[in-house]
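Text of target.cif, listed as mmCIF, C-alpha atoms:
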data_run
#
loop_
_atom_site.label_atom_id
_atom_site.label_comp_id
_atom_site.auth_asym_id
_atom_site.auth_seq_id
_atom_site.Cartn_x
_atom_site.Cartn_y
_atom_site.Cartn_z
CA MET T 703 91.20 -177.85 -144.88
CA GLU T 704 88.29 -180.28 -145.18
CA ARG T 705 90.51 -182.72 -147.11
CA ILE T 706 93.30 -182.35 -144.58
CA LEU T 707 90.91 -182.88 -141.65
CA SER T 708 89.57 -186.01 -143.32
CA GLY T 709 93.09 -187.46 -143.37
CA ASP T 710 94.35 -186.49 -146.83
CA THR T 711 98.11 -186.30 -146.21
CA LYS T 712 98.74 -185.14 -149.78
CA ALA T 713 96.60 -182.07 -149.13
CA PHE T 714 98.60 -181.34 -145.98
CA GLY T 715 101.82 -181.81 -147.98
CA GLN T 716 100.56 -179.23 -150.50
CA LEU T 717 99.73 -176.84 -147.66
CA VAL T 718 103.27 -177.22 -146.33
CA LYS T 719 104.70 -176.65 -149.81
CA ASP T 720 102.55 -173.56 -150.39
CA LEU T 721 103.07 -171.86 -147.03
CA SER T 722 106.64 -172.87 -146.14
CA PRO T 723 108.34 -170.01 -148.03
CA GLU T 724 106.26 -167.38 -146.23
CA LEU T 725 106.84 -168.97 -142.82
CA MET T 726 110.57 -169.32 -143.58
CA MET T 727 110.72 -165.55 -144.22
CA PHE T 728 108.65 -164.80 -141.13
CA VAL T 729 110.78 -166.94 -138.80
CA GLY T 730 114.07 -166.21 -140.59
CA ARG T 731 113.98 -162.53 -139.73
CA ILE T 732 114.38 -163.41 -136.05
CA VAL T 733 115.96 -166.85 -135.99
CA GLU T 734 119.18 -166.02 -137.77
CA GLN T 735 120.62 -169.46 -138.59
CA GLN T 736 119.07 -171.14 -141.65
CA GLU T 737 119.09 -174.60 -140.02
CA ASP T 738 117.34 -173.22 -136.94
CA THR T 739 114.76 -171.44 -139.09
CA GLU T 740 114.04 -174.70 -140.89
CA ASP T 741 113.66 -176.51 -137.55
CA VAL T 742 111.25 -173.88 -136.25
CA VAL T 743 109.14 -174.01 -139.43
CA GLN T 744 109.13 -177.82 -139.32
CA ASN T 745 108.03 -177.72 -135.68
CA THR T 746 105.34 -175.22 -136.66
CA PHE T 747 103.85 -177.60 -139.22
CA LEU T 748 104.09 -180.55 -136.82
CA ALA T 749 102.25 -178.56 -134.16
CA ALA T 750 99.69 -177.40 -136.73
CA PHE T 751 99.10 -180.99 -137.85
CA ARG T 752 98.60 -182.12 -134.24
CA HIS T 753 96.12 -179.29 -133.63
CA LEU T 754 94.26 -179.14 -136.96
CA LYS T 755 90.97 -179.82 -135.22
CA ASP T 756 91.51 -176.62 -133.18
CA TYR T 757 91.71 -174.38 -136.26
CA ASP T 758 88.69 -172.08 -136.48
CA PRO T 759 88.42 -170.04 -139.70
CA GLU T 760 85.95 -167.74 -137.90
CA LYS T 761 88.75 -166.55 -135.59
CA ALA T 762 91.64 -166.18 -138.05
CA SER T 763 92.84 -167.02 -141.52
CA LEU T 764 94.95 -170.13 -141.93
CA GLN T 765 98.00 -167.92 -142.54
CA THR T 766 97.43 -166.00 -139.28
CA TRP T 767 96.81 -169.24 -137.35
CA LEU T 768 100.08 -170.70 -138.67
CA GLN T 769 101.93 -167.49 -137.83
CA ARG T 770 100.57 -167.74 -134.29
CA ILE T 771 102.08 -171.20 -133.98
CA ALA T 772 105.34 -170.11 -135.67
CA TYR T 773 105.57 -167.08 -133.34
CA HIS T 774 105.43 -169.26 -130.26
CA GLU T 775 107.78 -171.87 -131.73
CA ALA T 776 110.32 -169.18 -132.64
CA LEU T 777 110.17 -167.59 -129.19
CA TYR T 778 110.59 -170.99 -127.56
CA HIS T 779 113.62 -171.65 -129.77
CA LEU T 780 115.16 -168.25 -129.03
CA ARG T 781 114.69 -168.60 -125.30
CA ARG T 782 116.41 -171.99 -125.39
CA HIS T 783 119.32 -170.95 -127.59
CA ARG T 784 120.08 -167.27 -127.01
CA LYS T 785 122.75 -166.68 -124.47
CA ARG T 786 123.12 -162.92 -124.88
CA GLN T 787 121.50 -160.56 -122.47
CA THR T 788 119.05 -157.99 -123.63
CA LEU T 789 119.66 -154.48 -122.45
CA SER T 790 117.54 -152.97 -119.77
CA LEU T 791 116.59 -149.54 -121.06
CA ASP T 792 114.75 -147.02 -118.98
CA VAL T 793 112.32 -145.30 -121.31
CA SER T 794 111.32 -141.83 -120.20
CA ASP T 795 109.33 -139.05 -121.80
CA ASP T 796 112.44 -137.16 -122.89
CA VAL T 797 113.39 -139.61 -125.66
CA PRO T 798 113.78 -137.73 -128.97
CA ASP T 799 111.13 -138.34 -131.61
CA GLU T 800 113.68 -138.70 -134.40
CA TRP T 801 116.41 -141.22 -135.16
CA PRO T 802 119.93 -139.80 -135.05
CA GLU T 803 120.68 -138.35 -138.49
CA THR T 804 123.74 -140.55 -139.00
CA THR T 805 121.90 -143.82 -138.35
CA THR T 806 122.80 -146.59 -140.78
CA VAL T 807 120.84 -149.71 -141.67
CA ASP T 808 123.55 -151.79 -139.98
CA GLN T 809 123.15 -149.79 -136.76
CA LEU T 810 119.39 -150.24 -136.88
CA ASP T 811 119.83 -154.00 -137.40
CA GLU T 812 122.24 -154.14 -134.47
CA ALA T 813 119.86 -152.16 -132.26
CA ILE T 814 116.97 -154.48 -133.15
CA ARG T 815 119.11 -157.52 -132.28
CA GLN T 816 119.60 -156.04 -128.80
CA LEU T 817 115.86 -156.10 -128.13
CA SER T 818 114.10 -159.07 -126.58
CA PRO T 819 112.89 -161.80 -128.96
CA GLU T 820 109.30 -160.78 -128.22
CA ASP T 821 109.99 -157.15 -129.16
CA GLN T 822 111.80 -158.25 -132.32
CA MET T 823 108.84 -160.39 -133.34
CA LEU T 824 106.40 -157.52 -132.73
CA LEU T 825 108.47 -155.19 -134.90
CA GLN T 826 108.58 -157.82 -137.60
CA LEU T 827 104.85 -158.45 -137.56
CA TYR T 828 103.91 -154.77 -137.55
CA TYR T 829 106.54 -153.17 -139.79
CA PHE T 830 107.82 -155.93 -142.08
CA ASP T 831 104.65 -158.01 -142.43
CA GLN T 832 102.34 -154.98 -142.02
CA ARG T 833 99.88 -156.99 -139.94
CA PRO T 834 97.03 -155.14 -138.21
CA LEU T 835 97.25 -154.93 -134.41
CA LYS T 836 94.27 -157.29 -133.99
CA ASP T 837 96.04 -159.98 -136.06
CA ILE T 838 99.20 -159.47 -134.01
CA ALA T 839 97.17 -159.77 -130.81
CA PHE T 840 95.78 -163.09 -132.05
CA ILE T 841 99.21 -164.32 -133.15
CA THR T 842 100.74 -163.46 -129.79
CA GLY T 843 98.06 -165.37 -127.94
CA ALA T 844 95.13 -163.09 -127.13
CA THR T 845 91.77 -164.75 -126.68
CA ASP T 846 88.56 -163.55 -128.32
CA ALA T 847 87.56 -161.84 -125.08
CA THR T 848 90.82 -159.87 -124.83
CA LEU T 849 91.56 -159.21 -128.50
CA SER T 850 90.63 -155.50 -128.61
CA ARG T 851 92.30 -154.71 -125.29
CA GLU T 852 95.45 -156.58 -126.33
CA ALA T 853 95.57 -154.77 -129.70
CA SER T 854 95.48 -151.45 -127.86
CA ARG T 855 98.20 -152.61 -125.46
CA LEU T 856 100.35 -153.67 -128.42
CA GLY T 857 100.13 -150.16 -129.89
CA SER T 858 101.56 -148.77 -126.66
CA ARG T 859 104.19 -151.48 -126.54
CA LEU T 860 105.32 -150.71 -130.09
CA HIS T 861 105.70 -147.07 -129.08
CA ARG T 862 107.98 -148.07 -126.18
CA ILE T 863 109.98 -150.37 -128.47
CA ARG T 864 110.57 -147.47 -130.89
CA GLN T 865 111.75 -145.37 -127.94
CA ARG T 866 114.19 -148.11 -126.91
CA LEU T 867 115.52 -148.25 -130.46
CA ARG T 868 116.09 -144.49 -130.45
CA ILE T 869 118.01 -144.77 -127.15
CA LEU T 870 120.17 -147.58 -128.55
CA LEU T 871 120.85 -145.65 -131.74
CA ILE T 872 121.77 -142.49 -129.82
CA ARG T 873 124.20 -144.54 -127.75
CA MET T 874 125.72 -146.10 -130.87
CA ASN T 875 126.15 -142.71 -132.52
CA ASN T 876 127.79 -141.29 -129.39
CA GLU T 877 130.35 -144.07 -129.12
#

Take the structure in this file and express it as structure tokens.
Amino acid sequence: MERILSGDTKAFGQLVKDLSPELMMFVGRIVEQQEDTEDVVQNTFLAAFRHLKDYDPEKASLQTWLQRIAYHEALYHLRRHRKRQTLSLDVSDDVPDEWPETTTVDQLDEAIRQLSPEDQMLLQLYYFDQRPLKDIAFITGATDATLSREASRLGSRLHRIRQRLRILLIRMNNE
């Protein structure tokens, strides 16, 4: 980072080369078209380059900082390009704790695609990337002052997302 901050473009090029595959996987789980994923990752690195002086290793690792930028770039892209409506699901206390027994991976994928981009990204960060709630809170934009409170709120939000998925899967299995 010191070399990059001092203007060494080769060092930044190496950073891009080293971290692009991970960011491509991260963004590609939500942004489904390969070209769009590449655009989002490119925009992530451009934004990172413009804001290098804002990076603080005391607050987050470089990987987490880049995922924060990629998260916001991906959501911006999805909001601009998605034309489908997300379902409004009333989540009550009587949602079963288990998935329907006949649930397939394809049904789960379809149910996840029906969630909002923000909910999809949270599922990805928590379940696929296995990030701790505090990292997710940072990635999604929490400040130092609100990090613990936001991490707790995210735990509750993930619970509601799982409930929505169960409702969607029950509906799919009943059709």

Report the centre and edge lengths, in Å to one decimal, of an axis-aligned box enclosing every atom of segment 750-768 of chain T listed in the file, padded by 3 Å on each side, as lines of an AutoDock Vina configuration file.
center_x = 93.0
center_y = -174.1
center_z = -137.9
size_x = 20.1
size_y = 22.1
size_z = 15.4

Non-local contacts of Phe714 of chain T (12 Å; all atoms listed in the file; under 3 positions in same chain excluded) as a PyMOL selection string: chain T and resi 703-711+717-722+747-748+750-752+754

Answer key for the PyMOL selection byres ((chain T and resi 826) around 12), residues as an MDAnalysis selection string: chainID T and resid 727:733 769 773 811 814:815 819:825 827:834 838 860 863

Export C-alpha atoms of the chosen residues as a PDB file, in the frame of the given file?
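Output contents, as saved in out11.pdb:
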ATOM      1  CA  MET T 727     110.720-165.550-144.220  1.00  0.00           C
ATOM      2  CA  PHE T 728     108.650-164.800-141.130  1.00  0.00           C
ATOM      3  CA  VAL T 729     110.780-166.940-138.800  1.00  0.00           C
ATOM      4  CA  GLY T 730     114.070-166.210-140.590  1.00  0.00           C
ATOM      5  CA  ARG T 731     113.980-162.530-139.730  1.00  0.00           C
ATOM      6  CA  ILE T 732     114.380-163.410-136.050  1.00  0.00           C
ATOM      7  CA  VAL T 733     115.960-166.850-135.990  1.00  0.00           C
ATOM      8  CA  GLN T 769     101.930-167.490-137.830  1.00  0.00           C
ATOM      9  CA  TYR T 773     105.570-167.080-133.340  1.00  0.00           C
ATOM     10  CA  ASP T 811     119.830-154.000-137.400  1.00  0.00           C
ATOM     11  CA  ILE T 814     116.970-154.480-133.150  1.00  0.00           C
ATOM     12  CA  ARG T 815     119.110-157.520-132.280  1.00  0.00           C
ATOM     13  CA  PRO T 819     112.890-161.800-128.960  1.00  0.00           C
ATOM     14  CA  GLU T 820     109.300-160.780-128.220  1.00  0.00           C
ATOM     15  CA  ASP T 821     109.990-157.150-129.160  1.00  0.00           C
ATOM     16  CA  GLN T 822     111.800-158.250-132.320  1.00  0.00           C
ATOM     17  CA  MET T 823     108.840-160.390-133.340  1.00  0.00           C
ATOM     18  CA  LEU T 824     106.400-157.520-132.730  1.00  0.00           C
ATOM     19  CA  LEU T 825     108.470-155.190-134.900  1.00  0.00           C
ATOM     20  CA  LEU T 827     104.850-158.450-137.560  1.00  0.00           C
ATOM     21  CA  TYR T 828     103.910-154.770-137.550  1.00  0.00           C
ATOM     22  CA  TYR T 829     106.540-153.170-139.790  1.00  0.00           C
ATOM     23  CA  PHE T 830     107.820-155.930-142.080  1.00  0.00           C
ATOM     24  CA  ASP T 831     104.650-158.010-142.430  1.00  0.00           C
ATOM     25  CA  GLN T 832     102.340-154.980-142.020  1.00  0.00           C
ATOM     26  CA  ARG T 833      99.880-156.990-139.940  1.00  0.00           C
ATOM     27  CA  PRO T 834      97.030-155.140-138.210  1.00  0.00           C
ATOM     28  CA  ILE T 838      99.200-159.470-134.010  1.00  0.00           C
ATOM     29  CA  LEU T 860     105.320-150.710-130.090  1.00  0.00           C
ATOM     30  CA  ILE T 863     109.980-150.370-128.470  1.00  0.00           C
TER      31      ILE T 863
END

Non-local contacts of segment 870-872 of chain T (8 Å; only C-alpha atoms; under 5 positions in same chain excluded) as a list of chain:residue names: T:Trp801, T:Pro802, T:Thr805, T:Gln809, T:Leu810, T:Ala813

The PyMOL selection byres ((chain T and resi 853) around 12) applied to the shown file, residues as a PyMOL selection string: chain T and resi 824+828+833-852+854-860

Counting only C-alpha atoms, the option among T:Asp758, T:Glu803, T:Asp741, T:Asp808 closest to His779 of chain T: T:Asp741

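One distance worth recording is that between atom CA of Gly715 of chain T and atom CA of His774 of chain T, which is 22.0 Å.
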
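Atom pair atom CA of Gln744 of chain T / atom CA of Glu724 of chain T has a distance of 12.8 Å (rounded to one decimal).
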
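Near Leu725 of chain T, within 9 Å and counting all atoms listed in the file, sit Val743, Thr746, Gln765, Leu768, Gln769 and Ala772 of chain T; same-chain residues fewer than 6 positions away were not included.
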
Two-atom distance - atom CA of Arg866 of chain T, atom CA of Leu817 of chain T (Å): 8.3 Å
